[in-house]
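Below is upload.cif, holding mmCIF, C-alpha atoms and all ligand atoms.
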data_structure
#
loop_
_atom_site.group_PDB
_atom_site.id
_atom_site.type_symbol
_atom_site.label_atom_id
_atom_site.label_comp_id
_atom_site.auth_asym_id
_atom_site.auth_seq_id
_atom_site.Cartn_x
_atom_site.Cartn_y
_atom_site.Cartn_z
ATOM 1 C CA MET A 1 13.462 -0.374 22.649
ATOM 2 C CA LEU A 2 14.792 -1.754 19.406
ATOM 3 C CA ASN A 3 16.677 -5.017 19.631
ATOM 4 C CA PRO A 4 20.283 -4.153 18.576
ATOM 5 C CA ASP A 5 20.363 -7.357 16.512
ATOM 6 C CA MET A 6 17.797 -5.717 14.238
ATOM 7 C CA LEU A 7 20.077 -2.822 13.320
ATOM 8 C CA ARG A 8 21.594 -4.833 10.486
ATOM 9 C CA SER A 9 20.303 -7.582 8.271
ATOM 10 C CA ARG A 10 21.887 -9.401 5.372
ATOM 11 C CA PHE A 11 20.243 -10.643 2.222
ATOM 12 C CA ASP A 12 21.272 -12.635 -0.814
ATOM 13 C CA PRO A 13 20.180 -10.897 -4.022
ATOM 14 C CA VAL A 14 20.548 -14.137 -5.986
ATOM 15 C CA THR A 15 18.429 -16.459 -3.844
ATOM 16 C CA GLY A 16 16.155 -13.709 -2.536
ATOM 17 C CA GLU A 17 16.723 -14.889 1.034
ATOM 18 C CA ILE A 18 17.195 -12.730 4.111
ATOM 19 C CA ALA A 19 19.307 -14.359 6.829
ATOM 20 C CA GLY A 20 17.085 -15.275 9.772
ATOM 21 C CA ALA A 21 13.816 -14.162 8.116
ATOM 22 C CA ARG A 22 11.085 -16.435 6.896
ATOM 23 C CA ALA A 23 9.850 -15.972 3.353
ATOM 24 C CA VAL A 24 6.299 -16.364 2.078
ATOM 25 C CA ARG A 25 6.343 -18.573 -1.019
ATOM 26 C CA ARG A 26 3.644 -18.277 -3.670
ATOM 27 C CA HIS A 27 3.126 -21.084 -6.146
ATOM 28 C CA LEU A 28 1.007 -21.020 -9.289
ATOM 29 C CA SER A 29 -1.951 -22.498 -7.389
ATOM 30 C CA ASP A 30 -1.863 -19.488 -5.026
ATOM 31 C CA LEU A 31 -2.406 -17.103 -7.947
ATOM 32 C CA ARG A 32 -5.814 -18.233 -9.121
ATOM 33 C CA GLY A 33 -7.670 -15.268 -10.603
ATOM 34 C CA CYS A 34 -4.534 -13.147 -11.053
ATOM 35 C CA PHE A 35 -3.896 -14.016 -14.713
ATOM 36 C CA ALA A 36 -6.337 -12.778 -17.326
ATOM 37 C CA ASP A 37 -6.211 -15.931 -19.463
ATOM 38 C CA SER A 38 -7.899 -18.426 -17.125
ATOM 39 C CA GLN A 39 -7.736 -21.190 -19.734
ATOM 40 C CA ALA A 40 -3.937 -20.837 -20.074
ATOM 41 C CA TYR A 41 -3.743 -20.763 -16.261
ATOM 42 C CA GLU A 42 -5.592 -24.077 -15.914
ATOM 43 C CA VAL A 43 -3.444 -25.725 -18.595
ATOM 44 C CA ALA A 44 -0.256 -24.543 -16.868
ATOM 45 C CA LEU A 45 -1.505 -25.671 -13.455
ATOM 46 C CA ALA A 46 -2.383 -29.119 -14.801
ATOM 47 C CA ALA A 47 1.247 -29.450 -15.944
ATOM 48 C CA GLY A 48 2.694 -28.537 -12.529
ATOM 49 C CA ASN A 49 2.634 -26.069 -9.690
ATOM 50 C CA PRO A 50 5.903 -24.132 -9.882
ATOM 51 C CA LEU A 51 7.098 -21.541 -7.413
ATOM 52 C CA ILE A 52 6.314 -18.092 -8.863
ATOM 53 C CA TYR A 53 7.682 -15.783 -6.191
ATOM 54 C CA SER A 54 8.792 -15.424 -2.598
ATOM 55 C CA VAL A 55 8.822 -12.430 -0.278
ATOM 56 C CA GLY A 56 10.708 -12.043 2.984
ATOM 57 C CA ALA A 57 10.436 -9.074 5.301
ATOM 58 C CA VAL A 58 12.553 -7.312 7.908
ATOM 59 C CA GLU A 59 10.463 -5.527 10.526
ATOM 60 C CA PRO A 60 12.767 -4.031 13.140
ATOM 61 C CA ALA A 61 10.040 -2.042 14.936
ATOM 62 C CA ASP A 62 6.416 -1.017 14.490
ATOM 63 C CA GLY A 63 6.403 2.554 15.777
ATOM 64 C CA GLU A 64 4.893 5.600 14.097
ATOM 65 C CA GLY A 65 8.064 6.564 12.196
ATOM 66 C CA ASP A 66 9.600 3.133 11.693
ATOM 67 C CA LEU A 67 10.416 1.448 8.392
ATOM 68 C CA HIS A 68 10.160 -2.092 7.090
ATOM 69 C CA TYR A 69 11.587 -3.668 3.996
ATOM 70 C CA GLY A 70 10.660 -6.646 1.891
ATOM 71 C CA LEU A 71 12.870 -8.662 -0.456
ATOM 72 C CA GLY A 72 11.106 -10.182 -3.437
ATOM 73 C CA LEU A 73 12.244 -12.952 -5.778
ATOM 74 C CA LEU A 74 10.069 -13.374 -8.874
ATOM 75 C CA LEU A 75 10.859 -16.127 -11.345
ATOM 76 C CA PRO A 76 10.711 -15.756 -15.141
ATOM 77 C CA GLY A 77 7.862 -17.271 -17.118
ATOM 78 C CA ARG A 78 4.487 -16.582 -18.687
ATOM 79 C CA ILE A 79 0.901 -17.751 -18.554
ATOM 80 C CA GLY A 80 -0.260 -17.299 -22.124
ATOM 81 C CA ASN A 81 1.261 -13.950 -23.074
ATOM 82 C CA GLU A 82 1.139 -12.592 -19.535
ATOM 83 C CA TYR A 83 4.334 -12.465 -17.530
ATOM 84 C CA TYR A 84 4.689 -14.134 -14.138
ATOM 85 C CA LEU A 85 3.513 -11.624 -11.567
ATOM 86 C CA THR A 86 2.941 -10.953 -7.895
ATOM 87 C CA LYS A 87 -0.565 -10.733 -6.444
ATOM 88 C CA GLY A 88 -0.115 -7.005 -5.950
ATOM 89 C CA HIS A 89 -1.598 -4.909 -3.194
ATOM 90 C CA LEU A 90 -2.618 -1.560 -1.842
ATOM 91 C CA HIS A 91 -1.330 -0.432 1.496
ATOM 92 C CA ALA A 92 -3.870 -0.790 4.293
ATOM 93 C CA TRP A 93 -2.804 2.714 5.337
ATOM 94 C CA ARG A 94 -3.461 4.227 1.920
ATOM 95 C CA PRO A 95 -1.160 7.301 2.098
ATOM 96 C CA ALA A 96 1.905 5.069 2.558
ATOM 97 C CA ALA A 97 4.340 5.314 -0.353
ATOM 98 C CA GLU A 98 7.152 2.864 -1.087
ATOM 99 C CA PHE A 99 10.529 2.708 -2.824
ATOM 100 C CA TYR A 100 11.392 -0.367 -4.889
ATOM 101 C CA PHE A 101 15.086 -0.968 -5.594
ATOM 102 C CA GLY A 102 15.915 -3.307 -8.473
ATOM 103 C CA LEU A 103 18.671 -5.824 -7.647
ATOM 104 C CA THR A 104 18.789 -8.480 -10.371
ATOM 105 C CA GLY A 105 16.875 -9.310 -13.534
ATOM 106 C CA GLU A 106 14.469 -7.261 -15.615
ATOM 107 C CA GLY A 107 11.053 -6.353 -14.318
ATOM 108 C CA VAL A 108 8.180 -3.980 -14.736
ATOM 109 C CA MET A 109 5.891 -2.515 -12.090
ATOM 110 C CA LEU A 110 2.230 -1.930 -12.786
ATOM 111 C CA LEU A 111 0.946 1.084 -10.856
ATOM 112 C CA GLU A 112 -2.764 1.849 -10.677
ATOM 113 C CA ASP A 113 -4.154 4.939 -9.001
ATOM 114 C CA GLU A 114 -6.951 3.716 -6.762
ATOM 115 C CA ALA A 115 -9.111 6.807 -7.209
ATOM 116 C CA THR A 116 -8.838 7.341 -10.971
ATOM 117 C CA GLY A 117 -7.848 3.877 -12.214
ATOM 118 C CA GLU A 118 -5.045 5.485 -14.212
ATOM 119 C CA SER A 119 -2.427 2.813 -14.901
ATOM 120 C CA ARG A 120 1.198 2.922 -15.943
ATOM 121 C CA ILE A 121 4.119 0.556 -16.216
ATOM 122 C CA VAL A 122 7.581 1.451 -14.944
ATOM 123 C CA PRO A 123 10.779 -0.592 -15.501
ATOM 124 C CA LEU A 124 12.323 -2.229 -12.422
ATOM 125 C CA SER A 125 15.949 -3.161 -13.025
ATOM 126 C CA PRO A 126 19.345 -3.100 -11.295
ATOM 127 C CA ASN A 127 20.433 0.395 -10.208
ATOM 128 C CA GLY A 128 16.925 1.674 -10.799
ATOM 129 C CA VAL A 129 14.546 2.842 -8.093
ATOM 130 C CA VAL A 130 10.777 3.013 -8.558
ATOM 131 C CA TYR A 131 8.692 5.321 -6.392
ATOM 132 C CA VAL A 132 5.225 3.973 -5.654
ATOM 133 C CA PRO A 133 3.040 6.886 -4.520
ATOM 134 C CA GLY A 134 0.427 6.458 -1.806
ATOM 135 C CA CYS A 135 -3.085 5.268 -2.714
ATOM 136 C CA THR A 136 -1.609 3.278 -5.609
ATOM 137 C CA ALA A 137 -2.051 -0.437 -6.225
ATOM 138 C CA HIS A 138 1.235 -2.049 -7.268
ATOM 139 C CA ARG A 139 2.184 -5.353 -8.823
ATOM 140 C CA THR A 140 5.518 -6.637 -10.156
ATOM 141 C CA MET A 141 6.147 -8.631 -13.332
ATOM 142 C CA ASN A 142 9.312 -10.452 -14.427
ATOM 143 C CA VAL A 143 9.768 -9.532 -18.098
ATOM 144 C CA GLY A 144 13.225 -11.109 -18.476
ATOM 145 C CA THR A 145 14.647 -14.619 -18.622
ATOM 146 C CA THR A 146 16.380 -14.707 -15.217
ATOM 147 C CA PRO A 147 15.090 -14.298 -11.642
ATOM 148 C CA LEU A 148 14.044 -10.764 -10.691
ATOM 149 C CA THR A 149 14.956 -9.632 -7.197
ATOM 150 C CA TYR A 150 14.139 -6.305 -5.568
ATOM 151 C CA LEU A 151 13.825 -4.542 -2.236
ATOM 152 C CA GLY A 152 10.739 -2.607 -1.200
ATOM 153 C CA VAL A 153 11.049 -0.082 1.657
ATOM 154 C CA TYR A 154 7.847 1.185 3.258
ATOM 155 C CA PRO A 155 6.487 2.723 6.456
ATOM 156 C CA ALA A 156 6.047 0.151 9.199
ATOM 157 C CA LYS A 157 2.429 1.099 9.532
ATOM 158 C CA ALA A 158 1.675 0.719 5.791
ATOM 159 C CA GLY A 159 0.248 -2.782 6.072
ATOM 160 C CA HIS A 160 -0.900 -4.834 3.077
ATOM 161 C CA ASP A 161 -4.396 -4.911 1.631
ATOM 162 C CA TYR A 162 -4.779 -7.771 -0.869
ATOM 163 C CA SER A 163 -8.550 -7.932 -0.729
ATOM 164 C CA ALA A 164 -9.323 -4.935 -2.969
ATOM 165 C CA ILE A 165 -7.133 -6.442 -5.722
ATOM 166 C CA ALA A 166 -8.568 -9.925 -5.260
ATOM 167 C CA LYS A 167 -12.065 -8.474 -5.671
ATOM 168 C CA ASN A 168 -11.613 -6.149 -8.639
ATOM 169 C CA SER A 169 -8.181 -7.114 -10.004
ATOM 170 C CA PHE A 170 -5.985 -4.610 -11.847
ATOM 171 C CA ARG A 171 -7.635 -2.890 -14.785
ATOM 172 C CA CYS A 172 -4.601 -3.529 -16.987
ATOM 173 C CA VAL A 173 -2.394 -6.497 -17.744
ATOM 174 C CA VAL A 174 1.201 -6.645 -18.941
ATOM 175 C CA ILE A 175 1.807 -9.021 -21.820
ATOM 176 C CA GLU A 176 4.674 -9.869 -24.129
ATOM 177 C CA ARG A 177 4.125 -8.381 -27.553
ATOM 178 C CA ASP A 178 6.862 -8.565 -30.228
ATOM 179 C CA GLY A 179 9.319 -9.625 -27.524
ATOM 180 C CA LYS A 180 8.629 -6.605 -25.325
ATOM 181 C CA PRO A 181 6.309 -5.824 -22.404
ATOM 182 C CA ALA A 182 3.144 -3.990 -23.333
ATOM 183 C CA MET A 183 0.243 -2.839 -21.186
ATOM 184 C CA MET A 184 -3.345 -3.334 -22.271
ATOM 185 C CA LYS A 185 -6.762 -3.232 -20.661
ATOM 186 C CA ARG A 186 -7.792 -6.560 -19.115
ATOM 187 C CA LYS A 187 -11.178 -6.429 -20.825
ATOM 188 C CA ASP A 188 -9.526 -5.960 -24.242
ATOM 189 C CA LEU A 189 -7.309 -9.016 -23.713
ATOM 190 C CA LEU A 190 -10.379 -11.096 -22.952
ATOM 191 C CA LYS A 191 -12.172 -10.113 -26.175
HETATM 192 FE FE FE B 1 3.761 -2.221 -1.099
#
Serialized structure, structure tokens:
Amino acid sequence: MLNPDMLRSRFDPVTGEIAGARAVRRHLSDLRGCFADSQAYEVALAAGNPLIYSVGAVEPADGEGDLHYGLGLLLPGRIGNEYYLTKGHLHAWRPAAEFYFGLTGEGVMLLEDEATGESRIVPLSPNGVVYVPGCTAHRTMNVGTTPLTYLGVYPAKAGHDYSAIAKNSFRCVVIERDGKPAMMKRKDLLK
């Protein structure tokens, strides 16, 4: 039986905090291997180890048809030309889709079809909702100058699989080019 206290939660879209929920905080040192420009990463890390993002989750129940949500806060910044980003993941239960609701700031989501490798970028901004289909790796970038916050709603049984991304990374990166986000192949950036 669901605890009635879990029927409502409150979050702060500015701080990215959910009342009563613990957030996972990722600093630059936690993101080794995520940025394409490893030299720029090492230079930035030598200068400090800033918070890059935090994610809190509300998990009212874990049954077959239940839902969870996560609240993300991603700070603005770049490593080389690449925007600050989240590690990104696939869902452990691959068919699980997800809705992302933009709350504050300007972001972009990188979506990569696991089977075909086809990649696309989709804006994530206030009053916009991004649909992440199943079997799709997804990562978020802050492409603005203020904190990006967003809600992700997903099946309780989706789970998170970070290992496939950690092993092969995303095929594409999102960089700033002429003041705007642009997607390019990781291997082309490294040339
Ligand atoms: Fe997800």
Inset, instruction - Could you tell me, counting all atoms listed in the file, which protein and nucleic acid residues lie no more than 10 Å from ligand FE 1 (chain B), written as a ChimeraX atom specification? - result: /A:69-70,88-92,96-100,132-134,136-139,152-155,158-161
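Note that atom CA of Ala182 of chain A and atom CA of Gly105 of chain A are 17.7 Å apart.
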Inset, instruction - Step by step, work through what the PyMOL selection byres (((chain A and resi 80-85) around 8) and not hetatm) selects in the shown file, and finish by giving those residues as a count of residues only. - result: 25
Legend entry - Interatomic distance, atom CA of Ala164 of chain A to atom CA of Thr104 of chain A (Å, one decimal): 29.3 Å
Inset, instruction - Work out how far apart atom CA of Leu71 of chain A and atom CA of Glu114 of chain A are and give it in Å to one decimal. - result: 24.2 Å
Where does the PyMOL selection byres (((chain A and resi 61) around 10) and not hetatm) land in this file, that is, which residues does it pick, as a PDB file with C-alpha atoms, in the coordinates of the input?
ATOM      1  CA  MET A   1      13.462  -0.374  22.649  1.00  0.00           C
ATOM      2  CA  LEU A   2      14.792  -1.754  19.406  1.00  0.00           C
ATOM      3  CA  ASN A   3      16.677  -5.017  19.631  1.00  0.00           C
ATOM      4  CA  MET A   6      17.797  -5.717  14.238  1.00  0.00           C
ATOM      5  CA  VAL A  58      12.553  -7.312   7.908  1.00  0.00           C
ATOM      6  CA  GLU A  59      10.463  -5.527  10.526  1.00  0.00           C
ATOM      7  CA  PRO A  60      12.767  -4.031  13.140  1.00  0.00           C
ATOM      8  CA  ASP A  62       6.416  -1.017  14.490  1.00  0.00           C
ATOM      9  CA  GLY A  63       6.403   2.554  15.777  1.00  0.00           C
ATOM     10  CA  GLU A  64       4.893   5.600  14.097  1.00  0.00           C
ATOM     11  CA  GLY A  65       8.064   6.564  12.196  1.00  0.00           C
ATOM     12  CA  ASP A  66       9.600   3.133  11.693  1.00  0.00           C
ATOM     13  CA  LEU A  67      10.416   1.448   8.392  1.00  0.00           C
ATOM     14  CA  HIS A  68      10.160  -2.092   7.090  1.00  0.00           C
ATOM     15  CA  ALA A 156       6.047   0.151   9.199  1.00  0.00           C
ATOM     16  CA  LYS A 157       2.429   1.099   9.532  1.00  0.00           C
TER      17      LYS A 157
END
Inset, instruction - Report the residues retrieved by the PyMOL selection byres (((chain A and resi 21-28) around 7) and not hetatm) from the displayed file, expressed as a ChimeraX atom specification. - result: /A:18-20,29-31,45,49-58
Legend entry - Residue with smallest distance to Gly16 of chain A - pool A:Gly102, A:Gly48, A:Gly128, A:Gly72, counting all atoms listed in the file: A:Gly72
